[in-house]
Amino acid sequence: MYPELTRPLLVLLVAAAAALITVAAVRPFLRRLALRQVSRRPLEAVLVIAGSLLGTAIIVGSFAVGDTIDHSVRNTAFRTLGPVDEEVYSNDLTRGDAATRRLAALRVDPDVDGLLTVVADKAAVSRGTGAARVAEPQAQVFEADFAAAATFGDRGADGRDGSHLSGANPAPGSAVVNTELADSLGLRAGDTVTAYLYGQPTQLRVERVVPARGLAALGFANINRDLFVAPGTLAAAAARAGGDNSPSTITLVSNRGGVESGSTLTDAVEQKIRTALGGLTTSGAQVTTPKKDALATAEDVAGQLGSLFLFIGSFSIIAGVLLLVNVFVMLTDERRGQLGMLRAMGMRRRRLISAFLLEGSIYGVVAAALGVAAGIGVGWAVVLVAAQIFAAFQDGGNALELTFAITPTSLFNGFAAGFLIAFATIAATSARVSRLNIIAAIRDLPDGVGRKPRRSLLVGSALLAVLCTAAAVPAVASSEGMTTYLFPALAVLFAVPLARRFAGTRAVSTVASALVLAWGLLANIARPDVYDNGSTATYVVLGVMVTGAAVVLLSVNQDIVLRPLRLLTARAGETGLAARLAVTYPTSRKFRTGATLLMYSLIIFTLVIITEMGAIIGAGTDQAVVEASAGYAIRADVAPSTLINDPQLTLRSGDLAGQITEVTPLTIGRGTSDDPTGRSDTPLPVVLIGLPAAAATSHPLALDSWLPSLGADEKAAWRGIVADSRYVVLDPYFNSTTGPNTDQVKPGATITLTDPATGRAQKKIIAAKVENALPYYSFPAQPPAYPVFAGADTVRAIYGDGAQDTSLLIRAAPGVSDERLAATLQGRFLANGLIANRIERDVRRTFAANVSFFRLMQGYLALGLLVGIIGLGVVMVRAVRERRRTIGILRALGVRSRTVTLAFLGESAFVAIEGIVLGAGLSLLTSWLMYTNSPAFGGLDVAFPVDWATIGPTVGATLVASLLASAGPARRAAAIRPAVAVRVAD
Amino acid sequence: MVAIWCRWFAEIMVEKSGMTATPLLRAEGVRKIYRTGAVEVEALRGLDLEVEAGELVAVMGPSGSGKTTLLNCLSGLDDIDGGRVILGGVDLFAMPDARRTEHRARTMGFVFQAFNLIPVFTAVENVELPLLLVGVAPAQARRRAADMLERVGLGARGAHRPNELSGGEQQRVTIARALVARPAIVWADEPTGNLDSEMAAQVMDLLRTLNRDEGQTIILVTHDPGIGAAAGRLIRMRDGALISDERRAPANGPVPSAPSASSMAASPPAPSSPSAPEAPDALTSAV
């Protein structure tokens, strides 16, 4: 992923490596110092590397998810399209013949290496009879010249699959089926199937089964249950059925080059096709570029999913950075005397930083290398779980086969990013710690005593505070996501040094952190549109800002927080002593405790927010079912060539009369639109769903908002919309990949709809937005498209003959099982290719899959907890080392080893509990504030849910793991022999 | 080579002309104020002091009198709030921190109560550090460090790490480290504070011998009246000011190996300046 990052990362990596190698070569004593410091504390080195490698692992894991999606979607495109790069659809044979003749000129075009015309339509196919009958309601039926197909296109140097259709054409009365259809119906060569061609049952003998690859997998991407019949079969069947039925003609075009490389010529060849077709493009011949579109989709979806996981993982990466900072600050603490002496001897700060950088880079390189290996494992595990979730999304079609993949580019980018993050962190930390007070360091005095605040810092920070304030005004005024949060917070932060001239550190820190925290929590009340741009960076800034401010607020006011614990700490005896020790050390070491607290609270904060989002989605399922179904149980889709005559009467007669109370036909047209949200420049696929005037009385979908001129009543609004051809209705997820659009598309805005058959564009007014249109995102054997609702006449006016009543909304009688009714309808109307979609089940399944996805993200984020737990372990290991002498004295004074163990475990529990409570509390507060104030949740009428069943075990397990991480150091502390500890300095 | 010849010529000319050398160290009106919140404590109150090359100066006074502050400020380890400090003709506080650090590396050595040796380095590696910092070639630095350890009586302990040495041995390593680059001045803050009386005596003998035999300028802060009495010059402090300045014995005259202030001003020691003359056998026998 992110090949555009490879070059800058490589440059930075080479620069960092060159700097390190130069220092190591020119200053051998710095190299020696770094190497020996690393090998001096093997346990800590292992902990540091373990904590740091997770950052790289998360980056590589996220890249692996993106690569896998990209690879899988691309593979599906190559597998199912083979050499086909462009397709020209004509909706009848006459137009198809005309198109084929005009396109013949391309046979000599150097950019084209194959032209093949096939005749196609949809039909139900079944095997067996009675109870043993199995059926595929909408299989794809093709007539193709197998000999021409065999030589169609060039496999090319990329060695991908070719056409896979060869041999003799199927004989009349026979068929060749692909493995997708064969698997679906359990077919083998020699079996007999019934194909309902234009409603006419036709017996066909299966001549052979071919792999569903290349031309033998024609259709839409991963929905390709294909049946090939003898040339002329479809036309004859259409003629027998009468009416104006006619199969479609598809001319397949293969670009020069192989299956993969040919797609690079798509733009040029598409233009040549359009030129060759001339006026036919506006009279029924549609040019599509399926491979190019599929590859773009692959890149887009892969980028989105990879970014999503990277976003979730970014909190863990930040925790890893904090761990590194903490480790190096602790190392400086340990080596203060040595560093002070080195500075006194004349070692410049630059060299001190170099020594630290060399040492840190050793950890960094090892951690990044191990992180890459761990990241592959993490990515593989995520893909494994994601594949199951995807399978749930893919009902009705062949599930997208996820094949784990990771590119060398991703591996390099992950390694380089992981190492450079560590490098930059260590460089910044070293630069900070190298400013030590030499005297204080040598004499082990508190740093900063007697030092004047640096004037340059004061002036610089005051200037930055002013600049950030100035930048905050337009940011807040325009509700720009990230900067609305960031600039005011930075303004407060930069004002701190100046404020310290007038007030004490504690007062200034308290006020500043309280202000930042308050703004973080309440900004979206003042600016409700702050999340509208969908940027994940906003959430990262919000999380870091809120938790960081809360940790500072807590750290400088620990004495107030600890007051309730006085009963315990003031107790006489060893329990009281252990409690006192447990809270005294962490509260006196503010920086390291703060960094550890921030690691915990940041991860718990994000984990709980994701849990809550999942819970809110789950809690909204019932409401979504009501809104999306509007009381309809089933949406039935029939093949365009086998429409049901008078469906309202047909479906409510006979034994169905008691089962169905209402049938509403939907007029369906497919085309493209512009993007009223302004996010995309490319045309968006839309499915226009036309409602009959009568449907307005039962208002098929709940409306979220509508034009005031349509009246205050929802039914009246629907009546107005259906009756007026100027109006269309959108759903809240129109062209959204991150969540519902809130105020970006408002009633009154316009949208331009284009008919691909004629190229004619029409501007429409968005009259309303529905609450939920989930059941209308997928239709059989069609690519996903954004649903747009309008009156049936409006749809016909836009698409003409291309608009057909192919879908029916069916309201079941009370007590009728939608499952049984769906089965009955599919069996009864098999000849019509009817597919019955159970609306409630589909909505619930989608919600369940979304919740599963949230669970997957929780698991991914939980990796960050490991960083926190390791961070706490490092702190405790260091604590034991630093306090050997103190522990020895305590033991010499008669304190039992059990008390020492208790004190250490208590300290660990204290930090972990504070971090967990802080993170979880803030998270619940933030999600509650978002829930009650954000327009994104405005439509939900359920009480704010708290998913204690997930949050409880999560925080409990974190606490237990933290205690386990401290158990080793605590045991070692208790085992310290007083006589040794009080004598040995180090 | 030209620099060495110039330096040697300058020293000869100073000696031959009978001119009194400029003081190695001159402090003029040095003030130091510690601020803790709203409280300000004046630790040095306009202090004036001159130290000649080759002197062994002991600074004594009760706790809080400003002894250590004096050492820290005059050596440039800590900033001052007024006055100036001229060492080897160079105003320490007129230089940026990086230049002052470099100046410190080339002209000063430090011995503190806490040994502050690098625990991951052996004794010889600790001693060679100041030489490597000023760019002496590693092989030469190692040879000079081994020589220096020999001279403080630790020739056989060069490969040992600090935790394998006794307290006295560790302090002798810090003295070797302070002296190895042949600094113009050695600052010692309670160098015997962490040692028992026998070890302390050994360390003081070593410092006195270096001062007497090599003309090494040493300024040491001590609480020990015995050490103070043995120094050639004893300065007493109280409340941040000098209250007495006694010269018990004539200060040692400059010896060829100890750079004078004027020579330092003319040309700071080059990174690969000629090594010091061989130490007399008495030095090692003294320790």
# chains A, B, ... in the order shown; residues from 1 in each chain; ligands from 1

call {"tool": "interface_residues", "arguments": {"of": "chain B", "to": "chain A", "cutoff": "7 Å", "atoms": "only C-alpha atoms", "output": "ChimeraX atom specification"}}
result
/B:34-36,77,98,101-102,104-105,109,116-118,120,130,133

call {"tool": "select_by_dssp", "arguments": {"residues": "stretch 47-122 of chain B", "states": "strand (DSSP E or B)", "output": "list of chain:residue names"}}
result
B:Leu47, B:Asp48, B:Leu49, B:Glu50, B:Val51, B:Leu56, B:Val57, B:Ala58, B:Val59, B:Met60, B:Gly82, B:Gly83, B:Arg84, B:Val85, B:Ile86, B:Leu87, B:Val90, B:Asp91, B:Met108, B:Gly109, B:Phe110, B:Val111, B:Phe112

call {"tool": "residues_around", "arguments": {"residues": "stretch 891-903 of chain A", "least_positions_apart": "4", "cutoff": "6 Å", "atoms": "only C-alpha atoms", "output": "VMD selection string"}}
result
chain A and resid 578 581 to 582 970 974 978

call {"tool": "residues_around", "arguments": {"residues": "A:Ser246", "least_positions_apart": "5", "cutoff": "12 Å", "atoms": "only C-alpha atoms", "output": "mmCIF file with N, CA and C atoms, in the first residue's frame"}}
result
data_model
loop_
_atom_site.group_PDB
_atom_site.id
_atom_site.type_symbol
_atom_site.label_atom_id
_atom_site.label_comp_id
_atom_site.auth_asym_id
_atom_site.auth_seq_id
_atom_site.Cartn_x
_atom_site.Cartn_y
_atom_site.Cartn_z
ATOM 1 N N SER A 90 -26.016 -3.699 -25.984
ATOM 2 C CA SER A 90 -27.146 -3.213 -26.773
ATOM 3 C C SER A 90 -28.340 -4.027 -26.316
ATOM 4 N N ASN A 91 -29.445 -3.343 -26.041
ATOM 5 C CA ASN A 91 -30.540 -4.066 -25.407
ATOM 6 C C ASN A 91 -31.450 -4.821 -26.383
ATOM 7 N N ASP A 92 -31.123 -4.849 -27.654
ATOM 8 C CA ASP A 92 -31.812 -5.776 -28.558
ATOM 9 C C ASP A 92 -30.871 -6.183 -29.687
ATOM 10 N N LEU A 93 -31.273 -7.205 -30.397
ATOM 11 C CA LEU A 93 -30.389 -7.789 -31.405
ATOM 12 C C LEU A 93 -30.116 -6.828 -32.562
ATOM 13 N N THR A 94 -31.123 -6.047 -32.930
ATOM 14 C CA THR A 94 -30.948 -5.138 -34.080
ATOM 15 C C THR A 94 -29.861 -4.107 -33.757
ATOM 16 N N ARG A 95 -30.014 -3.480 -32.587
ATOM 17 C CA ARG A 95 -29.001 -2.494 -32.203
ATOM 18 C C ARG A 95 -27.643 -3.181 -32.024
ATOM 19 N N GLY A 96 -27.710 -4.405 -31.487
ATOM 20 C CA GLY A 96 -26.465 -5.154 -31.258
ATOM 21 C C GLY A 96 -25.746 -5.430 -32.564
ATOM 22 N N VAL A 119 -24.526 -13.064 -27.205
ATOM 23 C CA VAL A 119 -25.936 -12.725 -26.985
ATOM 24 C C VAL A 119 -26.279 -13.212 -25.578
ATOM 25 N N ALA A 120 -26.995 -12.397 -24.818
ATOM 26 C CA ALA A 120 -27.172 -12.750 -23.401
ATOM 27 C C ALA A 120 -28.546 -12.349 -22.887
ATOM 28 N N ASP A 121 -28.939 -13.041 -21.846
ATOM 29 C CA ASP A 121 -30.102 -12.622 -21.062
ATOM 30 C C ASP A 121 -30.090 -13.390 -19.744
ATOM 31 N N LYS A 122 -31.019 -13.017 -18.851
ATOM 32 C CA LYS A 122 -31.123 -13.718 -17.579
ATOM 33 C C LYS A 122 -32.273 -14.714 -17.659
ATOM 34 N N LEU A 197 -36.426 -19.746 -20.304
ATOM 35 C CA LEU A 197 -36.075 -18.680 -21.242
ATOM 36 C C LEU A 197 -37.334 -17.901 -21.590
ATOM 37 N N TYR A 198 -37.335 -16.667 -21.160
ATOM 38 C CA TYR A 198 -38.502 -15.791 -21.359
ATOM 39 C C TYR A 198 -39.763 -16.454 -20.814
ATOM 40 N N GLY A 232 -28.577 -18.935 -31.357
ATOM 41 C CA GLY A 232 -29.943 -18.872 -31.845
ATOM 42 C C GLY A 232 -30.967 -19.323 -30.836
ATOM 43 N N THR A 233 -30.535 -19.974 -29.765
ATOM 44 C CA THR A 233 -31.471 -20.494 -28.762
ATOM 45 C C THR A 233 -32.287 -19.375 -28.129
ATOM 46 N N LEU A 234 -31.611 -18.288 -27.726
ATOM 47 C CA LEU A 234 -32.297 -17.209 -27.026
ATOM 48 C C LEU A 234 -33.291 -16.491 -27.942
ATOM 49 N N ALA A 235 -32.823 -16.211 -29.155
ATOM 50 C CA ALA A 235 -33.704 -15.504 -30.085
ATOM 51 C C ALA A 235 -34.951 -16.334 -30.385
ATOM 52 N N ALA A 236 -34.750 -17.636 -30.529
ATOM 53 C CA ALA A 236 -35.888 -18.519 -30.814
ATOM 54 C C ALA A 236 -36.853 -18.551 -29.644
ATOM 55 N N ALA A 237 -36.284 -18.609 -28.450
ATOM 56 C CA ALA A 237 -37.134 -18.647 -27.246
ATOM 57 C C ALA A 237 -37.897 -17.343 -27.104
ATOM 58 N N ALA A 238 -37.223 -16.212 -27.401
ATOM 59 C CA ALA A 238 -37.888 -14.912 -27.310
ATOM 60 C C ALA A 238 -39.028 -14.838 -28.292
ATOM 61 N N ALA A 239 -38.791 -15.385 -29.488
ATOM 62 C CA ALA A 239 -39.833 -15.367 -30.507
ATOM 63 C C ALA A 239 -41.007 -16.233 -30.074
ATOM 64 N N ARG A 240 -40.682 -17.362 -29.462
ATOM 65 C CA ARG A 240 -41.763 -18.252 -28.991
ATOM 66 C C ARG A 240 -42.586 -17.580 -27.905
ATOM 67 N N ALA A 241 -41.881 -16.822 -27.033
ATOM 68 C CA ALA A 241 -42.595 -16.178 -25.923
ATOM 69 C C ALA A 241 -43.454 -15.030 -26.391
ATOM 70 N N PRO A 640 -35.940 -8.983 -16.036
ATOM 71 C CA PRO A 640 -36.627 -8.002 -16.884
ATOM 72 C C PRO A 640 -37.371 -8.647 -18.047
ATOM 73 N N SER A 641 -36.878 -9.798 -18.498
ATOM 74 C CA SER A 641 -37.520 -10.410 -19.671
ATOM 75 C C SER A 641 -38.725 -11.259 -19.286
ATOM 76 N N THR A 642 -38.935 -11.470 -17.990
ATOM 77 C CA THR A 642 -40.059 -12.324 -17.578
ATOM 78 C C THR A 642 -40.856 -11.648 -16.460
#

call {"tool": "closest_residue", "arguments": {"among": "A:Val177, A:Ala920, A:Ala302, A:Ala16", "to": "A:Ala139", "atoms": "only C-alpha atoms"}}
result
A:Val177

call {"tool": "residues_around", "arguments": {"residues": "A:Pro110", "least_positions_apart": "4", "cutoff": "10 Å", "atoms": "only C-alpha atoms", "output": "MDAnalysis selection string"}}
result
chainID A and resid 106 255:256 269

call {"tool": "write_last_selection", "arguments": {"atoms": "N, CA and C atoms", "output": "PDB file, in the first residue's frame"}}
result
ATOM      1  N   LEU A 106     -12.469  -1.925 -35.484  1.00  0.00           N
ATOM      2  CA  LEU A 106     -11.407  -1.969 -34.459  1.00  0.00           C
ATOM      3  C   LEU A 106     -10.534  -3.217 -34.552  1.00  0.00           C
ATOM      4  N   ASN A 255      -8.133  -5.428 -24.973  1.00  0.00           N
ATOM      5  CA  ASN A 255      -7.050  -4.504 -25.356  1.00  0.00           C
ATOM      6  C   ASN A 255      -5.764  -5.283 -25.619  1.00  0.00           C
ATOM      7  N   ARG A 256      -4.884  -4.641 -26.356  1.00  0.00           N
ATOM      8  CA  ARG A 256      -3.580  -5.256 -26.622  1.00  0.00           C
ATOM      9  C   ARG A 256      -2.882  -5.519 -25.274  1.00  0.00           C
ATOM     10  N   VAL A 269      -8.850   3.091 -25.731  1.00  0.00           N
ATOM     11  CA  VAL A 269      -9.724   2.199 -26.506  1.00  0.00           C
ATOM     12  C   VAL A 269     -11.190   2.600 -26.320  1.00  0.00           C
TER      13      VAL A 269
END

call {"tool": "atom_distance", "arguments": {"atom1": "atom CA of A:Thr429", "atom2": "atom CA of A:Val329"}}
result
7.3 Å

call {"tool": "residues_around", "arguments": {"residues": "stretch 196-210 of chain B", "least_positions_apart": "4", "cutoff": "6 Å", "atoms": "only C-alpha atoms", "output": "MDAnalysis selection string"}}
result
chainID B and resid 168 192 214 216 287

call {"tool": "write_last_selection", "arguments": {"atoms": "C-alpha atoms", "output": "PDB file, in the first residue's frame"}}
result
ATOM      1  CA  GLY B 168      39.120   4.454  46.357  1.00  0.00           C
ATOM      2  CA  THR B 192      37.183  12.289  49.364  1.00  0.00           C
ATOM      3  CA  GLU B 214      53.566  18.538  37.642  1.00  0.00           C
ATOM      4  CA  GLN B 216      48.793  20.916  38.096  1.00  0.00           C
ATOM      5  CA  VAL B 287      49.631   6.205  45.772  1.00  0.00           C
TER       6      VAL B 287
END

call {"tool": "select_by_dssp", "arguments": {"residues": "stretch 399-429 of chain A", "states": "alpha helix (DSSP H)", "output": "list in words"}}
result
Pro408, Thr409, Ser410, Leu411, Phe412, Asn413, Gly414, Phe415, Ala416, Ala417, Gly418, Phe419, Leu420, Ile421, Ala422, Phe423, Ala424, Thr425, Ile426, Ala427, Ala428 and Thr429 of chain A

call {"tool": "write_last_selection", "arguments": {"atoms": "N, CA and C atoms", "output": "mmCIF file, in the first residue's frame"}}
result
data_model
loop_
_atom_site.group_PDB
_atom_site.id
_atom_site.type_symbol
_atom_site.label_atom_id
_atom_site.label_comp_id
_atom_site.auth_asym_id
_atom_site.auth_seq_id
_atom_site.Cartn_x
_atom_site.Cartn_y
_atom_site.Cartn_z
ATOM 1 N N PRO A 408 5.803 -6.312 -1.387
ATOM 2 C CA PRO A 408 7.103 -5.853 -0.872
ATOM 3 C C PRO A 408 7.075 -4.360 -0.537
ATOM 4 N N THR A 409 6.287 -3.595 -1.312
ATOM 5 C CA THR A 409 6.175 -2.151 -1.034
ATOM 6 C C THR A 409 5.617 -1.929 0.365
ATOM 7 N N SER A 410 4.585 -2.701 0.707
ATOM 8 C CA SER A 410 3.988 -2.550 2.036
ATOM 9 C C SER A 410 4.968 -2.956 3.125
ATOM 10 N N LEU A 411 5.696 -4.038 2.870
ATOM 11 C CA LEU A 411 6.658 -4.492 3.873
ATOM 12 C C LEU A 411 7.717 -3.419 4.102
ATOM 13 N N PHE A 412 8.207 -2.851 2.991
ATOM 14 C CA PHE A 412 9.240 -1.817 3.138
ATOM 15 C C PHE A 412 8.660 -0.589 3.829
ATOM 16 N N ASN A 413 7.480 -0.150 3.348
ATOM 17 C CA ASN A 413 6.865 1.049 3.936
ATOM 18 C C ASN A 413 6.609 0.853 5.432
ATOM 19 N N GLY A 414 6.144 -0.331 5.787
ATOM 20 C CA GLY A 414 5.873 -0.621 7.195
ATOM 21 C C GLY A 414 7.148 -0.578 8.020
ATOM 22 N N PHE A 415 8.180 -1.215 7.496
ATOM 23 C CA PHE A 415 9.460 -1.235 8.214
ATOM 24 C C PHE A 415 9.996 0.188 8.366
ATOM 25 N N ALA A 416 10.014 0.914 7.241
ATOM 26 C CA ALA A 416 10.587 2.266 7.261
ATOM 27 C C ALA A 416 9.775 3.179 8.181
ATOM 28 N N ALA A 417 8.443 3.095 8.074
ATOM 29 C CA ALA A 417 7.601 3.967 8.907
ATOM 30 C C ALA A 417 7.810 3.631 10.380
ATOM 31 N N GLY A 418 7.829 2.345 10.707
ATOM 32 C CA GLY A 418 8.027 1.927 12.098
ATOM 33 C C GLY A 418 9.356 2.419 12.634
ATOM 34 N N PHE A 419 10.403 2.228 11.839
ATOM 35 C CA PHE A 419 11.730 2.632 12.310
ATOM 36 C C PHE A 419 11.827 4.150 12.432
ATOM 37 N N LEU A 420 11.301 4.856 11.426
ATOM 38 C CA LEU A 420 11.429 6.321 11.438
ATOM 39 C C LEU A 420 10.608 6.950 12.570
ATOM 40 N N ILE A 421 9.471 6.339 12.886
ATOM 41 C CA ILE A 421 8.693 6.848 14.027
ATOM 42 C C ILE A 421 9.524 6.703 15.302
ATOM 43 N N ALA A 422 10.147 5.525 15.459
ATOM 44 C CA ALA A 422 10.998 5.302 16.643
ATOM 45 C C ALA A 422 12.177 6.272 16.630
ATOM 46 N N PHE A 423 12.771 6.440 15.457
ATOM 47 C CA PHE A 423 13.942 7.317 15.331
ATOM 48 C C PHE A 423 13.582 8.748 15.721
ATOM 49 N N ALA A 424 12.467 9.235 15.164
ATOM 50 C CA ALA A 424 12.045 10.616 15.447
ATOM 51 C C ALA A 424 11.702 10.775 16.926
ATOM 52 N N THR A 425 11.043 9.760 17.490
ATOM 53 C CA THR A 425 10.682 9.824 18.909
ATOM 54 C C THR A 425 11.933 9.904 19.772
ATOM 55 N N ILE A 426 12.894 9.049 19.455
ATOM 56 C CA ILE A 426 14.118 9.019 20.264
ATOM 57 C C ILE A 426 14.897 10.319 20.081
ATOM 58 N N ALA A 427 14.927 10.824 18.847
ATOM 59 C CA ALA A 427 15.653 12.072 18.600
ATOM 60 C C ALA A 427 15.033 13.216 19.411
ATOM 61 N N ALA A 428 13.696 13.294 19.372
ATOM 62 C CA ALA A 428 13.020 14.379 20.096
ATOM 63 C C ALA A 428 13.222 14.223 21.604
ATOM 64 N N THR A 429 13.075 12.990 22.083
ATOM 65 C CA THR A 429 13.232 12.754 23.525
ATOM 66 C C THR A 429 14.666 13.042 23.949
#

call {"tool": "residues_around", "arguments": {"residues": "A:Val626", "least_positions_apart": "6", "cutoff": "12 Å", "atoms": "only C-alpha atoms", "output": "list in words"}}
result
Gly620, Tyr632, Ala633, Pro700, Leu701, Ala702, Glu771, Asn772, Ala773, Leu774, Pro775, Ile839, Glu840, Arg841, Val843, Arg844, Leu940 and Asp941 of chain A

call {"tool": "write_last_selection", "arguments": {"atoms": "C-alpha atoms", "output": "compact mmCIF listing (two decimals), in the first residue's frame"}}
result
# COMPACT_ATOMS: atom_id res chain seq x y z
CA GLY A 620 -30.64 0.80 16.54
CA TYR A 632 -43.02 -4.63 3.94
CA ALA A 633 -41.76 -8.14 4.47
CA PRO A 700 -42.84 3.15 1.90
CA LEU A 701 -39.90 4.60 3.79
CA ALA A 702 -39.63 6.83 6.84
CA GLU A 771 -34.06 7.49 7.33
CA ASN A 772 -32.77 4.19 6.05
CA ALA A 773 -32.57 2.62 2.60
CA LEU A 774 -30.42 -0.40 3.42
CA PRO A 775 -32.57 -2.98 1.57
CA ILE A 839 -36.12 -7.26 4.25
CA GLU A 840 -35.94 -7.73 8.02
CA ARG A 841 -33.44 -10.57 7.75
CA VAL A 843 -31.25 -5.49 7.51
CA ARG A 844 -30.47 -7.51 10.63
CA LEU A 940 -32.12 7.10 16.78
CA ASP A 941 -34.92 6.95 19.30

call {"tool": "atom_distance", "arguments": {"atom1": "atom CA of A:Leu53", "atom2": "atom CA of A:Gly66"}}
result
20.0 Å
